[in-house]
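Have a look at the structure below before the remarks.
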Amino acid sequence: MIGREKELERLELLYGKNRFEFLVMYGRRRVGKTTILQKFSREHNVIFYSAQEKNDSLNLQDFSRAVQHHFDGQWIAPFPSWEEALAYVTKKTDGQRTVLIIDEFPFLAGPNPSIKSIFQHEIDHHWKAQNLFLILCGSSVSFMVNDIMGYKSPLYGRTTGSMEVEPFDYLDSARFFPDYSHEDQLTAYGILGGIPRYLNAFSGDRSIEENIADEILENGAFLNDEPRMLLKMELREPGVYNSILEAVASGCNKVTEIADCIHEDKTKCSKYLAALQAIRLVEKRVPCGEPETSRKTVYTLPDQFYRFWYRYVFRNRSYYEWLGPQDAAKEIMAELPDFMGTAFEEICRQYLIRQAKLRKLPFIPAKIGKWWGNNPAIRAQDDVDLLLLDKKGSEAILCECKFTNRLMPMEEYDDLATAAKAFPGEMKKTLMFISKSGFTAPVERRAREEGAILLTLEDLFL
């Protein structure tokens, strides 16, 4: 099992407390929640029940079978009610450390909304005093956050912890392709993101181009229609959501631009964008250092695969079918350096956060992100790929990220030096450049003289 050491350590810590613990685990589909729970279950006394999209009586029957097999080694009959099923767990636990995991809990609560109150009653009257570790897990992020942990939920205040399982970063994702070059490892991450199920779809003994053709563009391949299918499972009116995601993937990142692109009302777009944020498919961003209420708000797709799929597969489906998977993959490969620009900025952001945690930066940043705005020095709009600010706002790192096939020239250095003039003169500023292909000799010489930091792909893997 690649990665997830921290998540498993957390589960072991809670298990070792030998008292009632109630963890809510959530995260988007395919992120690997069930795999983590299965790994943990193999080491302990665990009742593992995975709910399905069935009616309430069938889920109760399946749950009855799971707990009876666990405690008695056989299934006798379904319990007549959830109250009796949970009372049976209470009786059988009887002081021994027991773990009850219910995966995809929203499939239980959908057909039977009262089940949250039934669990709340059992917790309050019995389980709080027992040696039970309860884990409720779900892929519907908004449901788990609002309907389980929200203040209007019957279970509000009963949880002892929560865990959002997030996609892998570029380093853990690279572990899926040990034989790839660093460039190909980062390219695979730029296409697939950090979702384990997507990373497993690519084969490390085939090229990026071959994997795109066979695992994404080929009709019937798992990744060929994955985003659209998941959207249907999560949301109503998938047509509007598809249009919004395509617009954002194509570079429309303001509400007015998105509304104009898809020919919908601005207010309606804002509502749909909020729903996409709730399921972690869209992020709202403001220039680094500015308040969340900034009028410079833009929207992005944080999931690399969704960004790739909506930019290429969704908008070009008919054309790619006529062209064929192999030739279509060649066309995409020709455009990848441009596509990878945004992905590489995210990779560099992850690298800098890791360096900050290791205390390897000039300061511990309080804020990190892209910056854009007016530069008085040139009386025009300017931007910085990554800006890091200290807590006092007296020190900054300005970082330029380049995923191109040429040595970074002096013009790029000059651009970042000019962008630095948009910030107060008394602020201490460090220039940093991260370039896939390295730097020209004049850039290296100037960086030494001025104390700028130059990094390449190799540095990202140290």
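Numbering starts fresh at 1 for the residues of each chain in the structure tokens, the chains themselves are lettered A, B, ... in the order given, and ligands are numbered from 1 as they appear.
For range 252-265 of chain A, the non-local neighbours within 12 Å, defined as residues at least 4 positions apart in the same chain or in other chains and counting only C-alpha atoms, are Gly239, Val240, Tyr241, Asn242, Ser243, Ile244, Leu245, Glu246, Ala247, Val248, Cys269, Ser270, Lys271, Tyr272, Leu273, Ala274, Val282, Glu283, Lys284, Arg285, Val286, Arg295, Lys296, Thr297, Val298, Tyr299, Thr300, Leu301 and Arg311 of chain A.
By only C-alpha atoms, and with residues fewer than 6 positions from Trp372 in chain A along its chain excluded, the set lying at most 9 Å from it is Val286, Pro287, Cys288, Lys296, Gln381, Asp382, Asp383, Val384 and Asp385 of chain A.
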Mind checking which residues fall within 8 Å of Phe22 in chain A, counting only C-alpha atoms, ignoring those fewer than 6 positions away in the same chain, and posting them as an mmCIF file with N, CA and C atoms, in the first residue's frame?
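Resulting contents of out29.cif:
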```
data_model
loop_
_atom_site.group_PDB
_atom_site.id
_atom_site.type_symbol
_atom_site.label_atom_id
_atom_site.label_comp_id
_atom_site.auth_asym_id
_atom_site.auth_seq_id
_atom_site.Cartn_x
_atom_site.Cartn_y
_atom_site.Cartn_z
ATOM 1 N N PHE A 133 -14.968 1.737 19.361
ATOM 2 C CA PHE A 133 -14.416 2.701 18.414
ATOM 3 C C PHE A 133 -15.320 2.687 17.193
ATOM 4 N N LEU A 134 -16.116 3.753 17.030
ATOM 5 C CA LEU A 134 -17.066 3.876 15.927
ATOM 6 C C LEU A 134 -16.484 4.746 14.828
ATOM 7 N N ILE A 135 -16.513 4.240 13.594
ATOM 8 C CA ILE A 135 -16.055 5.008 12.437
ATOM 9 C C ILE A 135 -17.181 5.052 11.415
ATOM 10 N N LEU A 136 -17.663 6.242 11.106
ATOM 11 C CA LEU A 136 -18.618 6.434 10.019
ATOM 12 C C LEU A 136 -17.886 7.092 8.861
ATOM 13 N N ARG A 158 -21.105 14.630 19.267
ATOM 14 C CA ARG A 158 -20.783 13.262 19.717
ATOM 15 C C ARG A 158 -19.457 12.766 19.159
ATOM 16 N N THR A 159 -19.027 13.331 18.043
ATOM 17 C CA THR A 159 -17.770 12.870 17.451
ATOM 18 C C THR A 159 -16.590 13.253 18.336
ATOM 19 N N THR A 160 -15.560 12.417 18.310
ATOM 20 C CA THR A 160 -14.319 12.725 19.024
ATOM 21 C C THR A 160 -13.193 13.064 18.058
ATOM 22 N N GLY A 161 -13.480 12.974 16.770
ATOM 23 C CA GLY A 161 -12.474 13.331 15.776
ATOM 24 C C GLY A 161 -13.028 13.223 14.371
#
```
Would you give me, as a ChimeraX atom specification, the residues in range 88-237 of chain A that DSSP reads as strand (DSSP E)?
/A:98-103,132-138,161-164
List every residue of range 213-413 of chain A that DSSP, applied to the backbone, labels as alpha helix (DSSP H), and write the result as a ChimeraX atom specification.
/A:226-234,238-249,255-262,266-278,304-308,317-323,325-357,410-413
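Residues lying within 9 Å of Ala66 in chain A, counting only C-alpha atoms and ignoring same-chain neighbours fewer than 5 positions away, are Ile47, Phe48, Tyr49, Gln61, Phe71 and Trp75 of chain A.
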For each of A:Phe433, A:Tyr351, A:Trp371, A:Tyr88, take the minimum atom-to-atom distance to Glu400 in chain A, counting only C-alpha atoms, then give the residue where this is smallest.
A:Phe433
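Of note, CA of Pro376 in chain A and CA of Arg445 in chain A are spaced 28.4 Å apart.
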Atom pair CA of Gly32 in chain A + CA of Met233 in chain A, distance 17.6 Å
Which neighbours of Lys33 in chain A fall inside 9 Å, counting only C-alpha atoms, when residues of the same chain fewer than 4 positions from it are skipped, and could you give them as a PyMOL selection string?
chain A and resi 25-29+37-38+103+137-139+165
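Picture a line from CA of Thr187 in chain A to CA of Gly369 in chain A; it runs 21.2 Å.
Of the listed residues A:Gln130, A:Gln326, A:Thr93, A:Ser64, the one whose atoms come nearest to Phe79 in chain A is A:Ser64, with distances taken using only C-alpha atoms.
Residues in contact with Glu426 in chain A at up to 12 Å, not including ones fewer than 5 positions away on its chain and judged by only C-alpha atoms, are Gly393, Ser394, Glu395, Ala396, Ala420 and Lys421 of chain A.
The closest residue to Ser162 in chain A, picked from A:Leu23, A:Ile378, A:Ile368, A:Val145 and counting only C-alpha atoms, is A:Leu23.
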Using only C-alpha atoms, which of A:Arg379, A:Lys391, A:Arg10, A:Lys128 sits nearest Ile364 in chain A?
A:Lys391
At a cut-off of 9 Å, using only C-alpha atoms, what residues contact Cys348 in chain A? Leave out same-chain residues fewer than 4 positions from it and give the result as a PDB file with C-alpha atoms, in the first residue's frame.
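So the final result, stored in part.pdb, reads:
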```
ATOM      1  CA  ALA A 343      -0.041  21.683 -12.579  1.00  0.00           C
ATOM      2  CA  PHE A 344       3.632  22.526 -12.077  1.00  0.00           C
ATOM      3  CA  LEU A 352       7.556  24.695  -0.703  1.00  0.00           C
ATOM      4  CA  ILE A 353       5.073  23.688   1.987  1.00  0.00           C
ATOM      5  CA  LEU A 386       3.809  31.634  -6.027  1.00  0.00           C
ATOM      6  CA  CYS A 399       8.706  32.073  -6.996  1.00  0.00           C
ATOM      7  CA  CYS A 401       7.704  28.011 -11.978  1.00  0.00           C
ATOM      8  CA  ILE A 434      12.093  26.430 -10.373  1.00  0.00           C
ATOM      9  CA  LEU A 460      11.836  18.597  -5.946  1.00  0.00           C
TER      10      LEU A 460
END
```
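Distances here use only C-alpha atoms; by that measure, the residue among A:Ser250, A:Gln277, A:Gly150, A:Leu361 closest to Tyr312 in chain A is A:Ser250.
Each of A:Glu9, A:Asp459, A:Thr440, A:Gln52 was compared to Phe40 in chain A using only C-alpha atoms, and A:Glu9 turns out to be the nearest.
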Using only C-alpha atoms, which residues of range 75-173 of chain A come within 12 Å of range 197-212 of chain A, and what is the closest atom pair for each, with the distance in Å to one decimal? Give it as JSON lines, sorted by chain and residue number.
```
{"residue": "A:Pro167", "atom": "CA", "partner": "A:Arg197", "partner_atom": "CA", "distance": 10.3}
{"residue": "A:Phe168", "atom": "CA", "partner": "A:Leu199", "partner_atom": "CA", "distance": 9.9}
{"residue": "A:Asp169", "atom": "CA", "partner": "A:Leu199", "partner_atom": "CA", "distance": 11.8}
{"residue": "A:Tyr170", "atom": "CA", "partner": "A:Leu199", "partner_atom": "CA", "distance": 11.2}
{"residue": "A:Asp172", "atom": "CA", "partner": "A:Leu199", "partner_atom": "CA", "distance": 10.5}
{"residue": "A:Ser173", "atom": "CA", "partner": "A:Leu199", "partner_atom": "CA", "distance": 7.2}
```
